[in-house]
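Printed here is query-v9.pdb (PDB, C-alpha atoms):
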```pdb
ATOM      1  CA  MET N   1     265.666  85.381 320.878
ATOM      2  CA  THR N   2     262.432  85.102 318.951
ATOM      3  CA  LEU N   3     261.127  82.125 317.028
ATOM      4  CA  MET N   4     261.441  84.127 313.834
ATOM      5  CA  LEU N   5     265.201  84.391 314.353
ATOM      6  CA  PHE N   6     265.370  80.624 314.823
ATOM      7  CA  VAL N   7     263.383  80.185 311.623
ATOM      8  CA  PHE N   8     265.715  82.278 309.585
ATOM      9  CA  THR N   9     268.903  81.048 311.199
ATOM     10  CA  GLY N  10     267.816  77.420 311.277
ATOM     11  CA  ILE N  11     265.752  76.971 308.130
ATOM     12  CA  LEU N  12     267.238  79.725 306.045
ATOM     13  CA  LEU N  13     270.850  78.930 306.757
ATOM     14  CA  PHE N  14     271.090  77.890 303.146
ATOM     15  CA  CYS N  15     274.520  78.984 302.410
ATOM     16  CA  SER N  16     276.764  77.724 299.603
ATOM     17  CA  GLY N  17     276.948  77.267 295.869
ATOM     18  CA  CYS N  18     277.567  80.685 294.346
ATOM     19  CA  THR N  19     280.383  82.737 295.752
ATOM     20  CA  ASP N  20     280.586  86.481 295.332
ATOM     21  CA  ASN N  21     284.376  86.364 295.046
ATOM     22  CA  THR N  22     285.981  85.883 291.674
ATOM     23  CA  ASP N  23     289.260  84.396 292.976
ATOM     24  CA  THR N  24     288.714  80.732 293.797
ATOM     25  CA  GLY N  25     292.344  79.689 293.710
ATOM     26  CA  SER N  26     293.955  77.699 296.483
ATOM     27  CA  ILE N  27     294.415  79.505 299.773
ATOM     28  CA  ASN N  28     297.968  78.181 299.896
ATOM     29  CA  SER N  29     299.251  81.289 298.159
ATOM     30  CA  SER N  30     300.609  84.695 299.145
ATOM     31  CA  ASN N  31     297.500  85.315 301.282
ATOM     32  CA  SER N  32     298.394  82.403 303.546
ATOM     33  CA  SER N  33     300.759  82.682 306.487
ATOM     34  CA  THR N  34     302.487  79.444 305.463
ATOM     35  CA  ALA N  35     301.710  76.784 302.882
ATOM     36  CA  THR N  36     301.014  74.251 305.636
ATOM     37  CA  ASP N  37     299.234  76.355 308.248
ATOM     38  CA  THR N  38     295.862  77.645 307.070
ATOM     39  CA  ARG N  39     293.535  79.180 309.649
ATOM     40  CA  VAL N  40     289.819  79.248 308.823
ATOM     41  CA  VAL N  41     286.904  81.049 310.478
ATOM     42  CA  SER N  42     283.393  79.831 309.645
ATOM     43  CA  LEU N  43     280.375  82.083 310.039
ATOM     44  CA  ALA N  44     277.677  79.456 309.431
ATOM     45  CA  PRO N  45     276.803  75.909 310.572
ATOM     46  CA  SER N  46     276.612  74.588 307.013
ATOM     47  CA  GLU N  47     280.115  75.812 306.227
ATOM     48  CA  THR N  48     281.487  74.344 309.444
ATOM     49  CA  GLU N  49     279.982  70.952 308.632
ATOM     50  CA  ILE N  50     281.458  71.041 305.135
ATOM     51  CA  PHE N  51     284.856  72.044 306.518
ATOM     52  CA  TYR N  52     284.997  69.080 308.878
ATOM     53  CA  ALA N  53     283.636  66.687 306.255
ATOM     54  CA  ILE N  54     286.416  67.443 303.751
ATOM     55  CA  ASN N  55     289.336  68.183 306.070
ATOM     56  CA  THR N  56     291.910  65.426 306.461
ATOM     57  CA  PRO N  57     294.543  64.555 309.079
ATOM     58  CA  ASN N  58     297.816  66.443 308.623
ATOM     59  CA  SER N  59     296.235  68.782 306.058
ATOM     60  CA  GLY N  60     297.657  71.835 307.804
ATOM     61  CA  VAL N  61     294.180  73.389 307.741
ATOM     62  CA  SER N  62     292.393  74.196 310.994
ATOM     63  CA  LEU N  63     289.150  75.839 312.089
ATOM     64  CA  VAL N  64     289.916  78.616 314.575
ATOM     65  CA  GLY N  65     286.517  80.322 314.789
ATOM     66  CA  ARG N  66     282.851  79.406 314.348
ATOM     67  CA  SER N  67     279.377  80.894 314.774
ATOM     68  CA  ASP N  68     277.124  80.503 317.807
ATOM     69  CA  TYR N  69     275.001  77.896 316.040
ATOM     70  CA  ASP N  70     277.787  75.562 314.908
ATOM     71  CA  ASP N  71     277.285  72.393 316.958
ATOM     72  CA  TYR N  72     278.101  69.619 314.491
ATOM     73  CA  PRO N  73     280.279  67.660 314.420
ATOM     74  CA  PRO N  74     280.749  67.673 318.224
ATOM     75  CA  GLU N  75     284.394  68.753 317.975
ATOM     76  CA  ALA N  76     283.223  72.066 316.527
ATOM     77  CA  LEU N  77     282.025  73.031 320.002
ATOM     78  CA  SER N  78     285.626  73.251 321.188
ATOM     79  CA  VAL N  79     286.304  76.034 318.662
ATOM     80  CA  PRO N  80     285.747  79.596 319.977
ATOM     81  CA  SER N  81     282.614  81.357 318.738
ATOM     82  CA  VAL N  82     282.768  84.736 316.983
ATOM     83  CA  GLY N  83     279.021  85.454 317.274
ATOM     84  CA  GLY N  84     275.821  84.707 315.405
ATOM     85  CA  PRO N  85     274.877  85.646 311.814
ATOM     86  CA  GLN N  86     273.746  89.119 312.892
ATOM     87  CA  THR N  87     275.938  89.482 315.995
ATOM     88  CA  LEU N  88     279.372  88.830 314.539
ATOM     89  CA  SER N  89     282.310  90.410 316.329
ATOM     90  CA  ILE N  90     284.914  91.858 313.979
ATOM     91  CA  GLU N  91     287.377  92.046 316.856
ATOM     92  CA  SER N  92     286.889  88.388 317.683
ATOM     93  CA  ILE N  93     287.261  87.326 314.059
ATOM     94  CA  VAL N  94     290.402  89.407 313.564
ATOM     95  CA  SER N  95     291.896  88.035 316.772
ATOM     96  CA  LYS N  96     291.859  84.562 315.219
ATOM     97  CA  ASP N  97     294.308  85.747 312.516
ATOM     98  CA  PRO N  98     292.372  83.905 309.774
ATOM     99  CA  ASP N  99     293.711  83.156 306.305
ATOM    100  CA  LEU N 100     290.170  82.447 305.101
ATOM    101  CA  ILE N 101     286.700  83.412 306.316
ATOM    102  CA  ILE N 102     283.727  81.437 305.002
ATOM    103  CA  GLY N 103     280.103  82.383 305.474
ATOM    104  CA  THR N 104     276.690  82.779 303.925
ATOM    105  CA  THR N 105     274.442  85.596 302.805
ATOM    106  CA  LEU N 106     272.851  85.563 306.269
ATOM    107  CA  ALA N 107     276.031  87.010 307.738
ATOM    108  CA  ASP N 108     275.886  90.715 308.599
ATOM    109  CA  LYS N 109     276.859  92.415 305.339
ATOM    110  CA  THR N 110     278.370  95.383 307.149
ATOM    111  CA  VAL N 111     280.711  93.074 309.036
ATOM    112  CA  VAL N 112     281.573  91.130 305.887
ATOM    113  CA  ASP N 113     282.358  94.321 303.976
ATOM    114  CA  SER N 114     284.497  95.569 306.847
ATOM    115  CA  LEU N 115     286.486  92.339 306.897
ATOM    116  CA  LYS N 116     287.049  92.570 303.163
ATOM    117  CA  SER N 117     288.156  96.182 303.475
ATOM    118  CA  LEU N 118     290.708  95.057 306.059
ATOM    119  CA  GLY N 119     292.177  92.714 303.454
ATOM    120  CA  TYR N 120     290.788  89.397 304.647
ATOM    121  CA  ASP N 121     289.873  86.674 302.175
ATOM    122  CA  VAL N 122     286.112  86.254 302.689
ATOM    123  CA  GLU N 123     284.050  83.733 300.727
ATOM    124  CA  ILE N 124     280.293  84.245 300.992
ATOM    125  CA  TYR N 125     277.967  81.555 299.656
ATOM    126  CA  ASP N 126     274.275  81.571 298.776
ATOM    127  CA  LEU N 127     272.607  78.160 298.918
ATOM    128  CA  GLU N 128     269.147  77.311 297.634
ATOM    129  CA  THR N 129     269.406  73.850 296.051
ATOM    130  CA  ILE N 130     271.104  70.510 296.596
ATOM    131  CA  ASP N 131     273.302  71.237 293.568
ATOM    132  CA  ASP N 132     274.408  74.405 295.339
ATOM    133  CA  VAL N 133     275.616  72.240 298.230
ATOM    134  CA  TYR N 134     277.784  70.281 295.823
ATOM    135  CA  SER N 135     279.157  73.502 294.323
ATOM    136  CA  ASN N 136     279.968  74.805 297.792
ATOM    137  CA  ILE N 137     281.839  71.631 298.716
ATOM    138  CA  GLU N 138     283.760  71.703 295.455
ATOM    139  CA  SER N 139     284.641  75.379 295.863
ATOM    140  CA  LEU N 140     285.880  75.028 299.427
ATOM    141  CA  GLY N 141     287.873  71.938 298.470
ATOM    142  CA  GLU N 142     289.643  73.871 295.724
ATOM    143  CA  ILE N 143     290.367  76.857 297.950
ATOM    144  CA  LEU N 144     291.807  74.739 300.769
ATOM    145  CA  GLY N 145     293.666  72.300 298.545
ATOM    146  CA  LEU N 146     291.389  69.456 299.645
ATOM    147  CA  GLU N 147     290.042  68.556 296.212
ATOM    148  CA  ASP N 148     290.316  64.786 296.627
ATOM    149  CA  SER N 149     288.315  64.571 299.832
ATOM    150  CA  ALA N 150     285.770  67.078 298.493
ATOM    151  CA  ASP N 151     285.312  64.983 295.350
ATOM    152  CA  ALA N 152     284.934  61.829 297.445
ATOM    153  CA  LEU N 153     282.268  63.477 299.598
ATOM    154  CA  ILE N 154     280.351  64.709 296.554
ATOM    155  CA  GLY N 155     280.573  61.250 295.003
ATOM    156  CA  ASN N 156     279.090  59.624 298.097
ATOM    157  CA  MET N 157     276.303  62.200 298.348
ATOM    158  CA  THR N 158     275.337  62.062 294.659
ATOM    159  CA  SER N 159     275.281  58.262 294.758
ATOM    160  CA  ARG N 160     272.832  58.314 297.661
ATOM    161  CA  GLN N 161     270.745  60.991 295.970
ATOM    162  CA  THR N 162     270.530  58.883 292.813
ATOM    163  CA  ALA N 163     269.439  55.898 294.903
ATOM    164  CA  ILE N 164     266.540  57.967 296.280
ATOM    165  CA  GLU N 165     265.592  59.162 292.810
ATOM    166  CA  ASP N 166     265.533  55.556 291.538
ATOM    167  CA  ALA N 167     263.768  54.040 294.570
ATOM    168  CA  PRO N 168     260.120  52.925 294.338
ATOM    169  CA  LYS N 169     257.607  55.588 295.307
ATOM    170  CA  GLU N 170     253.964  55.812 296.245
ATOM    171  CA  THR N 171     251.517  56.507 293.444
ATOM    172  CA  PRO N 172     249.907  58.867 293.096
ATOM    173  CA  ALA N 173     252.544  61.091 294.656
ATOM    174  CA  PRO N 174     251.344  62.101 298.149
ATOM    175  CA  LYS N 175     250.455  65.752 298.643
ATOM    176  CA  THR N 176     253.056  66.902 301.163
ATOM    177  CA  TRP N 177     253.393  69.912 303.441
ATOM    178  CA  TYR N 178     256.657  70.836 305.129
ATOM    179  CA  VAL N 179     256.013  72.919 308.231
ATOM    180  CA  VAL N 180     258.707  75.504 308.969
ATOM    181  CA  ALA N 181     257.159  76.863 312.154
ATOM    182  CA  VAL N 182     253.713  76.938 313.751
ATOM    183  CA  GLU N 183     253.297  80.299 315.497
ATOM    184  CA  PRO N 184     253.110  81.925 313.032
ATOM    185  CA  LEU N 185     252.343  79.120 310.589
ATOM    186  CA  TYR N 186     255.289  79.131 308.181
ATOM    187  CA  ALA N 187     255.473  76.816 305.170
ATOM    188  CA  ALA N 188     258.093  75.970 302.557
ATOM    189  CA  GLY N 189     257.014  76.834 299.041
ATOM    190  CA  ASN N 190     258.721  76.694 295.670
ATOM    191  CA  ASN N 191     262.426  77.550 295.415
ATOM    192  CA  THR N 192     263.202  76.198 298.870
ATOM    193  CA  LEU N 193     265.490  73.371 299.826
ATOM    194  CA  GLN N 194     262.638  71.456 301.482
ATOM    195  CA  GLY N 195     260.413  71.996 298.451
ATOM    196  CA  GLU N 196     263.078  70.424 296.263
ATOM    197  CA  MET N 197     263.512  67.547 298.706
ATOM    198  CA  ILE N 198     259.780  66.807 298.668
ATOM    199  CA  GLU N 199     259.848  66.475 294.888
ATOM    200  CA  GLU N 200     263.076  64.431 294.894
ATOM    201  CA  ALA N 201     261.609  62.058 297.474
ATOM    202  CA  GLY N 202     258.456  61.433 295.447
ATOM    203  CA  GLY N 203     255.966  63.854 296.910
ATOM    204  CA  VAL N 204     254.067  66.880 295.644
ATOM    205  CA  ASN N 205     254.600  70.099 297.575
ATOM    206  CA  VAL N 206     251.129  71.404 298.385
ATOM    207  CA  PHE N 207     252.564  74.921 298.407
ATOM    208  CA  ALA N 208     254.500  74.686 295.143
ATOM    209  CA  ASP N 209     252.422  77.611 293.880
ATOM    210  CA  MET N 210     253.968  79.862 296.527
ATOM    211  CA  ASP N 211     257.540  81.139 296.442
ATOM    212  CA  GLY N 212     260.039  80.778 299.261
ATOM    213  CA  TYR N 213     259.100  80.670 302.945
ATOM    214  CA  PHE N 214     255.857  82.389 303.873
ATOM    215  CA  VAL N 215     253.090  82.577 306.463
ATOM    216  CA  ALA N 216     250.264  80.231 305.446
ATOM    217  CA  SER N 217     246.661  80.554 306.553
ATOM    218  CA  TYR N 218     244.685  77.704 308.080
ATOM    219  CA  GLU N 219     242.302  78.011 305.148
ATOM    220  CA  ALA N 220     245.114  77.520 302.631
ATOM    221  CA  VAL N 221     246.289  74.371 304.412
ATOM    222  CA  ILE N 222     242.762  72.942 304.627
ATOM    223  CA  GLU N 223     242.102  73.719 300.954
ATOM    224  CA  ARG N 224     245.288  71.882 299.888
ATOM    225  CA  ALA N 225     244.475  68.849 302.108
ATOM    226  CA  PRO N 226     248.008  67.482 302.631
ATOM    227  CA  GLU N 227     248.268  63.698 302.835
ATOM    228  CA  VAL N 228     251.707  63.845 304.444
ATOM    229  CA  ILE N 229     252.893  66.497 306.900
ATOM    230  CA  ILE N 230     256.591  66.734 307.753
ATOM    231  CA  VAL N 231     257.481  68.771 310.828
ATOM    232  CA  PRO N 232     260.949  69.753 312.116
ATOM    233  CA  SER N 233     261.959  68.849 315.649
ATOM    234  CA  GLY N 234     262.525  72.529 316.445
ATOM    235  CA  HIS N 235     264.816  75.448 315.675
ATOM    236  CA  GLY N 236     267.919  76.444 317.562
ATOM    237  CA  SER N 237     267.568  76.047 321.313
ATOM    238  CA  THR N 238     263.771  76.214 321.322
ATOM    239  CA  THR N 239     261.993  73.329 323.045
ATOM    240  CA  VAL N 240     258.676  73.920 321.277
ATOM    241  CA  ASN N 241     257.091  70.699 320.006
ATOM    242  CA  PHE N 242     255.893  71.706 316.552
ATOM    243  CA  THR N 243     254.300  68.315 315.875
ATOM    244  CA  GLN N 244     252.157  68.524 318.991
ATOM    245  CA  GLN N 245     251.183  72.085 318.054
ATOM    246  CA  ILE N 246     250.025  70.970 314.614
ATOM    247  CA  LEU N 247     248.028  68.065 316.039
ATOM    248  CA  SER N 248     246.365  70.328 318.603
ATOM    249  CA  ILE N 249     244.942  72.753 316.019
ATOM    250  CA  PRO N 250     241.193  71.922 315.859
ATOM    251  CA  GLU N 251     240.879  73.129 312.260
ATOM    252  CA  PHE N 252     243.406  70.505 311.162
ATOM    253  CA  LYS N 253     241.752  67.439 312.693
ATOM    254  CA  ASP N 254     240.153  66.424 309.390
ATOM    255  CA  LEU N 255     243.258  66.834 307.242
ATOM    256  CA  PRO N 256     244.053  63.537 305.477
ATOM    257  CA  ALA N 257     247.539  63.445 307.002
ATOM    258  CA  VAL N 258     246.169  63.905 310.527
ATOM    259  CA  LYS N 259     243.319  61.401 310.120
ATOM    260  CA  ASP N 260     245.676  58.783 308.627
ATOM    261  CA  GLY N 261     248.429  59.299 311.189
ATOM    262  CA  ARG N 262     250.889  60.586 308.601
ATOM    263  CA  VAL N 263     252.383  63.499 310.516
ATOM    264  CA  TYR N 264     256.121  62.893 310.820
ATOM    265  CA  THR N 265     258.839  64.596 312.847
ATOM    266  CA  VAL N 266     262.321  64.964 311.347
ATOM    267  CA  ASP N 267     265.576  66.352 312.714
ATOM    268  CA  ASP N 268     265.604  70.073 311.980
ATOM    269  CA  ASP N 269     269.355  70.473 311.531
ATOM    270  CA  THR N 270     269.548  67.511 309.152
ATOM    271  CA  VAL N 271     266.810  68.728 306.808
ATOM    272  CA  SER N 272     267.589  72.445 306.961
ATOM    273  CA  ARG N 273     271.369  72.812 306.969
ATOM    274  CA  PRO N 274     272.689  72.803 303.406
ATOM    275  CA  GLY N 275     275.761  70.741 304.110
ATOM    276  CA  PRO N 276     276.898  67.103 303.936
ATOM    277  CA  ARG N 277     273.944  65.852 306.007
ATOM    278  CA  ILE N 278     271.342  67.188 303.562
ATOM    279  CA  ILE N 279     271.230  63.771 301.895
ATOM    280  CA  ASP N 280     270.392  62.282 305.311
ATOM    281  CA  GLY N 281     267.504  64.748 305.284
ATOM    282  CA  LEU N 282     266.472  63.667 301.788
ATOM    283  CA  GLU N 283     266.439  60.056 302.957
ATOM    284  CA  GLN N 284     264.221  61.045 305.900
ATOM    285  CA  PHE N 285     261.828  62.797 303.502
ATOM    286  CA  TYR N 286     261.721  59.673 301.322
ATOM    287  CA  GLN N 287     260.818  57.488 304.297
ATOM    288  CA  CYS N 288     258.042  59.864 305.389
ATOM    289  CA  ILE N 289     256.537  60.336 301.943
ATOM    290  CA  ASN N 290     256.691  56.657 300.988
ATOM    291  CA  ALA N 291     255.913  55.073 304.359
ATOM    292  CA  GLU N 292     252.908  53.242 302.913
ATOM    293  CA  ILE N 293     255.075  51.107 300.627
ATOM    294  CA  LEU N 294     258.135  50.670 302.843
TER     295      LEU N 294
END
```
Output the file's structure in the form of structure tokens.
Amino acid sequence: MTLMLFVFTGILLFCSGCTDNTDTGSINSSNSSTATDTRVVSLAPSETEIFYAINTPNSGVSLVGRSDYDDYPPEALSVPSVGGPQTLSIESIVSKDPDLIIGTTLADKTVVDSLKSLGYDVEIYDLETIDDVYSNIESLGEILGLEDSADALIGNMTSRQTAIEDAPKETPAPKTWYVVAVEPLYAAGNNTLQGEMIEEAGGVNVFADMDGYFVASYEAVIERAPEVIIVPSGHGSTTVNFTQQILSIPEFKDLPAVKDGRVYTVDDDTVSRPGPRIIDGLEQFYQCINAEIL
């Protein structure tokens, strides 16, 4: 599997917020096998994490299928996989007899359409902002009849987000670059989850003038002279050390962040999966961007 696939399954697994289905009523209806036995298949890591975060003991709701990349929480690994975002198996999904299928816009649209045509309840989410994460949690809570635990989770996350917003920050705001991948050199621009997190944490995204995720040139990085560089630990199963790659690029040796020792490594899953742990990622960004005053 190529690095590009890891980039767009790891970093672009931004999946929640706006559903393309108009019926958001509780799953405990005529579509459900019983009112106390709801079987769910998740097609994305972010959705799996949300499911486990809001599910409660004796809820009657269970996860019976997941994607290849769903590895958190650890108990998710005991759930059978139905494939990756672009390698989903309709037969495997159908064999799980799901009452609800949840996924993101990265899921193979042909497979999603086929599942819908077979009569399955499929909720597909598109996630681009932290607010979208909250909307996704709220939506799934309503559908599964887990409103109370969903509200509690949102309350905890928003409280921590507010604490970051109100916390002291370096001035002037450090010019910050979030590295998506190194070969090729991908960066997070405007309208990305990491771009929003940089701003929330008190930094200035050096690529705010660019939209989405894109290949950046060495010249563009040097011209913007980032004072803080945040690098993910890696994508998927790759063992590539992105931080070491950045530090070994001769053209970058005079960047302020490199000269001042302000190149930080963060957990990729935490800062890229738009689920309950995204606030952990925001807190990591805050610590990196404001290290000089902490």
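Between Val221 of chain N and the candidates N:Val271, N:Leu255, N:Ala188, N:Ala201, the tightest atom-to-atom separation, counting all atoms listed in the file, involves N:Leu255.
One finds atom CA of Pro276 of chain N at 10.7 Å from atom CA of Thr158 of chain N.
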I need the residue set behind the PyMOL selection byres ((chain N and resi 39-49) around 7) for this file; please write it as a count of residues only. 31
Residue neighbourhood Gly141 of chain N, 9 Å, all atoms listed in the file, exclusion window fewer than 6 positions, as a list in words: Ser26, Phe51, Ile54, Asn55, Glu147, Asp148, Ser149, Ala150 and Asp151 of chain N
Using C-alpha atoms, can you write the selected residues to a file as a PDB file, in the frame of the given file?
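File produced: again39.pdb:
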```pdb
ATOM      1  CA  SER N  26     293.955  77.699 296.483  1.00  0.00           C
ATOM      2  CA  PHE N  51     284.856  72.044 306.518  1.00  0.00           C
ATOM      3  CA  ILE N  54     286.416  67.443 303.751  1.00  0.00           C
ATOM      4  CA  ASN N  55     289.336  68.183 306.070  1.00  0.00           C
ATOM      5  CA  GLU N 147     290.042  68.556 296.212  1.00  0.00           C
ATOM      6  CA  ASP N 148     290.316  64.786 296.627  1.00  0.00           C
ATOM      7  CA  SER N 149     288.315  64.571 299.832  1.00  0.00           C
ATOM      8  CA  ALA N 150     285.770  67.078 298.493  1.00  0.00           C
ATOM      9  CA  ASP N 151     285.312  64.983 295.350  1.00  0.00           C
TER      10      ASP N 151
END
```
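In terms of minimum interatomic distance to Ile229 of chain N, N:Lys175 ranks closest within N:Thr270, N:Asn191, N:Lys175, N:Gln244, counting only C-alpha atoms.
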Selected by the PyMOL selection byres ((chain N and resi 92) around 9) in the shown coordinates: which residues, as an MDAnalysis selection string? chainID N and resid 65 81:83 88:91 93:96
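Reported to one decimal place, the separation of atom CA of Thr105 of chain N from atom CA of Ser135 of chain N is 15.5 Å.
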Have a look at atom CA of Phe285 of chain N and atom CA of Asp126 of chain N and let me know their distance in Å, one decimal.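 Interatomic distance, atom CA of Phe285 of chain N to atom CA of Asp126 of chain N: 23.0 Å.
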Using only C-alpha atoms, which residue out of N:Ile222, N:Ile198, N:Leu144, N:Met157 lies closest to Pro250 of chain N? N:Ile222
Which residues are close to Ile289 of chain N, i.e. within 12 Å by only C-alpha atoms, leaving aside same-chain residues fewer than 6 positions away? Reply as a PDB file with C-alpha atoms, keeping the file's coordinate frame.
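As a result, around_34.pdb now contains:
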```
ATOM      1  CA  ILE N 164     266.540  57.967 296.280  1.00  0.00           C
ATOM      2  CA  PRO N 168     260.120  52.925 294.338  1.00  0.00           C
ATOM      3  CA  LYS N 169     257.607  55.588 295.307  1.00  0.00           C
ATOM      4  CA  GLU N 170     253.964  55.812 296.245  1.00  0.00           C
ATOM      5  CA  THR N 171     251.517  56.507 293.444  1.00  0.00           C
ATOM      6  CA  PRO N 172     249.907  58.867 293.096  1.00  0.00           C
ATOM      7  CA  ALA N 173     252.544  61.091 294.656  1.00  0.00           C
ATOM      8  CA  PRO N 174     251.344  62.101 298.149  1.00  0.00           C
ATOM      9  CA  LYS N 175     250.455  65.752 298.643  1.00  0.00           C
ATOM     10  CA  THR N 176     253.056  66.902 301.163  1.00  0.00           C
ATOM     11  CA  TRP N 177     253.393  69.912 303.441  1.00  0.00           C
ATOM     12  CA  TYR N 178     256.657  70.836 305.129  1.00  0.00           C
ATOM     13  CA  MET N 197     263.512  67.547 298.706  1.00  0.00           C
ATOM     14  CA  ILE N 198     259.780  66.807 298.668  1.00  0.00           C
ATOM     15  CA  GLU N 199     259.848  66.475 294.888  1.00  0.00           C
ATOM     16  CA  GLU N 200     263.076  64.431 294.894  1.00  0.00           C
ATOM     17  CA  ALA N 201     261.609  62.058 297.474  1.00  0.00           C
ATOM     18  CA  GLY N 202     258.456  61.433 295.447  1.00  0.00           C
ATOM     19  CA  GLY N 203     255.966  63.854 296.910  1.00  0.00           C
ATOM     20  CA  VAL N 204     254.067  66.880 295.644  1.00  0.00           C
ATOM     21  CA  ASN N 205     254.600  70.099 297.575  1.00  0.00           C
ATOM     22  CA  PRO N 226     248.008  67.482 302.631  1.00  0.00           C
ATOM     23  CA  GLU N 227     248.268  63.698 302.835  1.00  0.00           C
ATOM     24  CA  VAL N 228     251.707  63.845 304.444  1.00  0.00           C
ATOM     25  CA  ILE N 229     252.893  66.497 306.900  1.00  0.00           C
ATOM     26  CA  ILE N 230     256.591  66.734 307.753  1.00  0.00           C
ATOM     27  CA  ALA N 257     247.539  63.445 307.002  1.00  0.00           C
ATOM     28  CA  ARG N 262     250.889  60.586 308.601  1.00  0.00           C
ATOM     29  CA  VAL N 263     252.383  63.499 310.516  1.00  0.00           C
ATOM     30  CA  TYR N 264     256.121  62.893 310.820  1.00  0.00           C
ATOM     31  CA  THR N 265     258.839  64.596 312.847  1.00  0.00           C
ATOM     32  CA  VAL N 266     262.321  64.964 311.347  1.00  0.00           C
ATOM     33  CA  LEU N 282     266.472  63.667 301.788  1.00  0.00           C
ATOM     34  CA  GLU N 283     266.439  60.056 302.957  1.00  0.00           C
TER      35      GLU N 283
END
```
Across N:Asp97, N:Ile137, N:Ala187, N:Glu75, the smallest distance to Gly119 of chain N, with all atoms listed in the file counted, is shown by N:Asp97
Please write a file for segment 263-275 of chain N, taken from the block I just shared, that holds N, CA, C and O atoms and is laid out as a CSV table (one decimal), in the first residue's frame.
```csv
chain,number,residue,atom,x,y,z
N,263,VAL,N,10.7,21.3,16.6
N,263,VAL,CA,10.1,20.4,15.7
N,263,VAL,C,9.5,19.3,16.6
N,263,VAL,O,10.3,18.6,17.3
N,264,TYR,N,8.2,19.1,16.6
N,264,TYR,CA,7.6,18.2,17.6
N,264,TYR,C,6.8,17.1,16.8
N,264,TYR,O,6.3,17.3,15.8
N,265,THR,N,6.9,15.9,17.5
N,265,THR,CA,6.2,14.8,16.9
N,265,THR,C,4.9,14.5,17.8
N,265,THR,O,5.0,14.5,19.0
N,266,VAL,N,3.8,14.3,17.1
N,266,VAL,CA,2.5,14.0,17.8
N,266,VAL,C,2.0,12.7,17.2
N,266,VAL,O,2.3,12.2,16.2
N,267,ASP,N,1.1,12.1,18.0
N,267,ASP,CA,0.5,10.9,17.6
N,267,ASP,C,-0.5,11.1,16.4
N,267,ASP,O,-1.4,11.9,16.5
N,268,ASP,N,-0.2,10.4,15.4
N,268,ASP,CA,-1.0,10.6,14.1
N,268,ASP,C,-2.5,10.4,14.3
N,268,ASP,O,-3.3,11.2,13.9
N,269,ASP,N,-2.8,9.2,14.9
N,269,ASP,CA,-4.2,8.9,15.0
N,269,ASP,C,-5.0,9.9,15.9
N,269,ASP,O,-6.1,10.3,15.6
N,270,THR,N,-4.3,10.4,16.9
N,270,THR,CA,-5.0,11.4,17.8
N,270,THR,C,-5.3,12.7,17.2
N,270,THR,O,-6.3,13.3,17.4
N,271,VAL,N,-4.4,13.2,16.3
N,271,VAL,CA,-4.6,14.5,15.7
N,271,VAL,C,-5.2,14.4,14.3
N,271,VAL,O,-5.5,15.5,13.7
N,272,SER,N,-5.5,13.2,13.8
N,272,SER,CA,-6.1,13.1,12.5
N,272,SER,C,-7.4,12.4,12.4
N,272,SER,O,-8.2,12.6,11.4
N,273,ARG,N,-7.8,11.7,13.5
N,273,ARG,CA,-9.1,11.0,13.4
N,273,ARG,C,-10.1,11.9,14.1
N,273,ARG,O,-10.0,12.3,15.2
N,274,PRO,N,-11.1,12.3,13.3
N,274,PRO,CA,-12.1,13.2,13.8
N,274,PRO,C,-13.2,12.5,14.7
N,274,PRO,O,-14.3,12.3,14.4
N,275,GLY,N,-12.7,12.1,15.9
N,275,GLY,CA,-13.5,11.4,16.8
N,275,GLY,C,-13.3,12.0,18.2
N,275,GLY,O,-12.8,13.1,18.4
```
